[in-house]
Amino acid sequence: MSKIFAIGDLHLSFASEKPMDVFGASWAQHDERLAAAWRETVADEDTVLVCGDISWALKTEDALPDLAWIHDLPGSKILIRGNHDLWWQGITKLNALYPDLRFLQNDCVPFPDGLCVCGSRGWGLPGLEDYGKQDEKILVREVARLKLSLDAAARANAREILVAIHFPPAIVPDLDSPFTALFREYPQITQVVYGHLHGAQAYRKGIQGEHGGILYRLVSLDFLRCKPAPVYAFDAPLSGQL
């Protein structure tokens, strides 16, 4: 039985020196711990959703060592963009790099049993500190991009939709947002996974648990202690090619 796992915020930097342990002990040797847990947990026939903030690189060529590192790990990978993924440009070229890396943007990834994986970066929400007019423009654009992905799943006659987004789609205590409103338009959505939040205080701010029939799960790397979380199981093995 093959599975789908999820984890966000890999924050790799093999092309430059950017140690993550400056952000706390939970980030010490995080790449080594992640690789060990990934190889122990994920099989070749499995799929891993990488929920943004993949690499600290500023240019695509500088991100290549990080993407090669991900490629060398077991399973197929579906990647979405995070706010730090400034290297993410030229989706066609990115999707031509490796057969097991699918960079998801404005479309969906269908699976044989009727599941579709959708996703987008998302953005910060009104009410957050430093939210301004420029953020409002980006938020509207990101909601539209996620809708393109969900519409692609609807055209593919998805029986069930799993959404991967980088930013939390809602913030406690107000769990209504442009993203949760969009999700209500697609009854096929059963689960939403997201990253971006770091540290115990931040963990409590993101929507978690079941709301409106949708399960929301935080999967940032430090929250998961560097171990990809299983989020879906198939009855039959997949091909491993996306």
# chains A, B, ... in the order shown; residues from 1 in each chain; ligands from 1
call {"tool": "select_by_dssp", "arguments": {"residues": "range 50-165 of chain A", "states": "alpha helix (DSSP H)", "output": "ChimeraX atom specification"}}
result
/A:60-71,91-95,133-155
call {"tool": "select_by_dssp", "arguments": {"residues": "chain A", "states": "strand (DSSP E)", "output": "ChimeraX atom specification"}}
result
/A:3-7,47-51,76-80,101-103,108-110,115-120,160-165,189-194,209-211,214-218,229-233
call {"tool": "closest_atom_pairs", "arguments": {"of": "range 49-89 of chain A", "to": "range 26-35 of chain A", "cutoff": "12 Å", "atoms": "only C-alpha atoms", "output": "tab-separated table"}}
result
residue	atom	partner	partner_atom	distance
A:Ile54	CA	A:Asp31	CA	11.4
A:Ser55	CA	A:Asp31	CA	11.5
A:Asp66	CA	A:Asp31	CA	10.3
A:Trp69	CA	A:Ala35	CA	9.1
A:Ile70	CA	A:Ala35	CA	8.8
A:His71	CA	A:Ala35	CA	11.4
A:Asp72	CA	A:Ala35	CA	9.7
A:Leu73	CA	A:Ala35	CA	7.3
A:Pro74	CA	A:Ala35	CA	9.6
call {"tool": "write_last_selection", "arguments": {"atoms": "all heavy atoms", "output": "mmCIF file, in the first residue's frame"}}
result
data_model
loop_
_atom_site.group_PDB
_atom_site.id
_atom_site.type_symbol
_atom_site.label_atom_id
_atom_site.label_comp_id
_atom_site.auth_asym_id
_atom_site.auth_seq_id
_atom_site.Cartn_x
_atom_site.Cartn_y
_atom_site.Cartn_z
ATOM 1 N N ILE A 54 11.406 25.724 0.355
ATOM 2 C CA ILE A 54 12.236 24.565 0.023
ATOM 3 C C ILE A 54 13.715 24.918 0.130
ATOM 4 O O ILE A 54 14.503 24.169 0.711
ATOM 5 C CB ILE A 54 11.904 24.105 -1.411
ATOM 6 C CG1 ILE A 54 10.411 23.750 -1.515
ATOM 7 C CG2 ILE A 54 12.773 22.921 -1.823
ATOM 8 C CD1 ILE A 54 9.877 23.802 -2.933
ATOM 9 N N SER A 55 14.091 26.066 -0.431
ATOM 10 C CA SER A 55 15.502 26.444 -0.519
ATOM 11 C C SER A 55 15.663 27.933 -0.235
ATOM 12 O O SER A 55 14.814 28.746 -0.604
ATOM 13 C CB SER A 55 16.041 26.121 -1.913
ATOM 14 O OG SER A 55 17.312 26.695 -2.117
ATOM 15 N N ASP A 66 20.055 21.815 -3.872
ATOM 16 C CA ASP A 66 18.983 21.469 -2.934
ATOM 17 C C ASP A 66 17.952 20.562 -3.595
ATOM 18 O O ASP A 66 17.474 19.595 -2.990
ATOM 19 C CB ASP A 66 18.310 22.742 -2.414
ATOM 20 C CG ASP A 66 19.287 23.668 -1.701
ATOM 21 O OD1 ASP A 66 20.269 23.152 -1.125
ATOM 22 O OD2 ASP A 66 19.069 24.888 -1.723
ATOM 23 N N TRP A 69 19.308 17.116 -3.972
ATOM 24 C CA TRP A 69 19.260 16.424 -2.676
ATOM 25 C C TRP A 69 17.884 15.815 -2.441
ATOM 26 O O TRP A 69 17.758 14.673 -2.004
ATOM 27 C CB TRP A 69 19.619 17.424 -1.584
ATOM 28 C CG TRP A 69 19.737 16.872 -0.198
ATOM 29 C CD1 TRP A 69 20.850 16.337 0.392
ATOM 30 C CD2 TRP A 69 18.706 16.844 0.809
ATOM 31 N NE1 TRP A 69 20.576 15.967 1.686
ATOM 32 C CE2 TRP A 69 19.276 16.270 1.972
ATOM 33 C CE3 TRP A 69 17.367 17.253 0.827
ATOM 34 C CZ2 TRP A 69 18.539 16.090 3.142
ATOM 35 C CZ3 TRP A 69 16.635 17.074 2.001
ATOM 36 C CH2 TRP A 69 17.225 16.499 3.131
ATOM 37 N N ILE A 70 16.836 16.581 -2.768
ATOM 38 C CA ILE A 70 15.468 16.070 -2.625
ATOM 39 C C ILE A 70 15.228 14.920 -3.599
ATOM 40 O O ILE A 70 14.611 13.903 -3.257
ATOM 41 C CB ILE A 70 14.458 17.204 -2.852
ATOM 42 C CG1 ILE A 70 14.626 18.286 -1.777
ATOM 43 C CG2 ILE A 70 13.026 16.675 -2.855
ATOM 44 C CD1 ILE A 70 13.817 19.541 -2.042
ATOM 45 N N HIS A 71 15.717 15.076 -4.818
ATOM 46 C CA HIS A 71 15.574 14.032 -5.834
ATOM 47 C C HIS A 71 16.172 12.710 -5.368
ATOM 48 O O HIS A 71 15.625 11.633 -5.639
ATOM 49 C CB HIS A 71 16.237 14.483 -7.134
ATOM 50 C CG HIS A 71 16.555 13.385 -8.081
ATOM 51 N ND1 HIS A 71 15.589 12.635 -8.732
ATOM 52 C CD2 HIS A 71 17.757 12.887 -8.485
ATOM 53 C CE1 HIS A 71 16.184 11.732 -9.499
ATOM 54 N NE2 HIS A 71 17.489 11.861 -9.365
ATOM 55 N N ASP A 72 17.273 12.745 -4.657
ATOM 56 C CA ASP A 72 17.959 11.532 -4.213
ATOM 57 C C ASP A 72 17.217 10.795 -3.106
ATOM 58 O O ASP A 72 17.549 9.639 -2.801
ATOM 59 C CB ASP A 72 19.379 11.871 -3.734
ATOM 60 C CG ASP A 72 20.321 12.181 -4.888
ATOM 61 O OD1 ASP A 72 20.022 11.741 -6.017
ATOM 62 O OD2 ASP A 72 21.342 12.865 -4.667
ATOM 63 N N LEU A 73 16.229 11.427 -2.504
ATOM 64 C CA LEU A 73 15.451 10.775 -1.455
ATOM 65 C C LEU A 73 14.369 9.888 -2.062
ATOM 66 O O LEU A 73 13.947 10.105 -3.204
ATOM 67 C CB LEU A 73 14.817 11.830 -0.549
ATOM 68 C CG LEU A 73 15.799 12.663 0.278
ATOM 69 C CD1 LEU A 73 15.077 13.830 0.943
ATOM 70 C CD2 LEU A 73 16.510 11.804 1.320
ATOM 71 N N PRO A 74 13.897 8.875 -1.342
ATOM 72 C CA PRO A 74 12.882 7.958 -1.891
ATOM 73 C C PRO A 74 11.569 8.656 -2.213
ATOM 74 O O PRO A 74 11.234 9.693 -1.637
ATOM 75 C CB PRO A 74 12.685 6.929 -0.757
ATOM 76 C CG PRO A 74 13.903 7.035 0.092
ATOM 77 C CD PRO A 74 14.348 8.470 -0.003
#
call {"tool": "closest_residue", "arguments": {"among": "A:Val140, A:Ile207, A:Ile4, A:Val192", "to": "Pro173 in chain A", "atoms": "only C-alpha atoms"}}
result
A:Ile207
call {"tool": "closest_residue", "arguments": {"among": "A:Val172, A:Val143, A:Ala229, A:Ile165", "to": "Tyr203 in chain A", "atoms": "only C-alpha atoms"}}
result
A:Val172
call {"tool": "residues_around", "arguments": {"residues": "Ala15 in chain A", "least_positions_apart": "4", "cutoff": "10 Å", "atoms": "only C-alpha atoms", "output": "ChimeraX atom specification"}}
result
/A:55-57,61-66
call {"tool": "closest_residue", "arguments": {"among": "A:Asp107, A:Glu45, A:Asp9, A:Asp85", "to": "Ser149 in chain A", "atoms": "only C-alpha atoms"}}
result
A:Asp107
call {"tool": "atom_distance", "arguments": {"atom1": "CA of Asn106 in chain A", "atom2": "CA of Leu146 in chain A"}}
result
6.6 Å
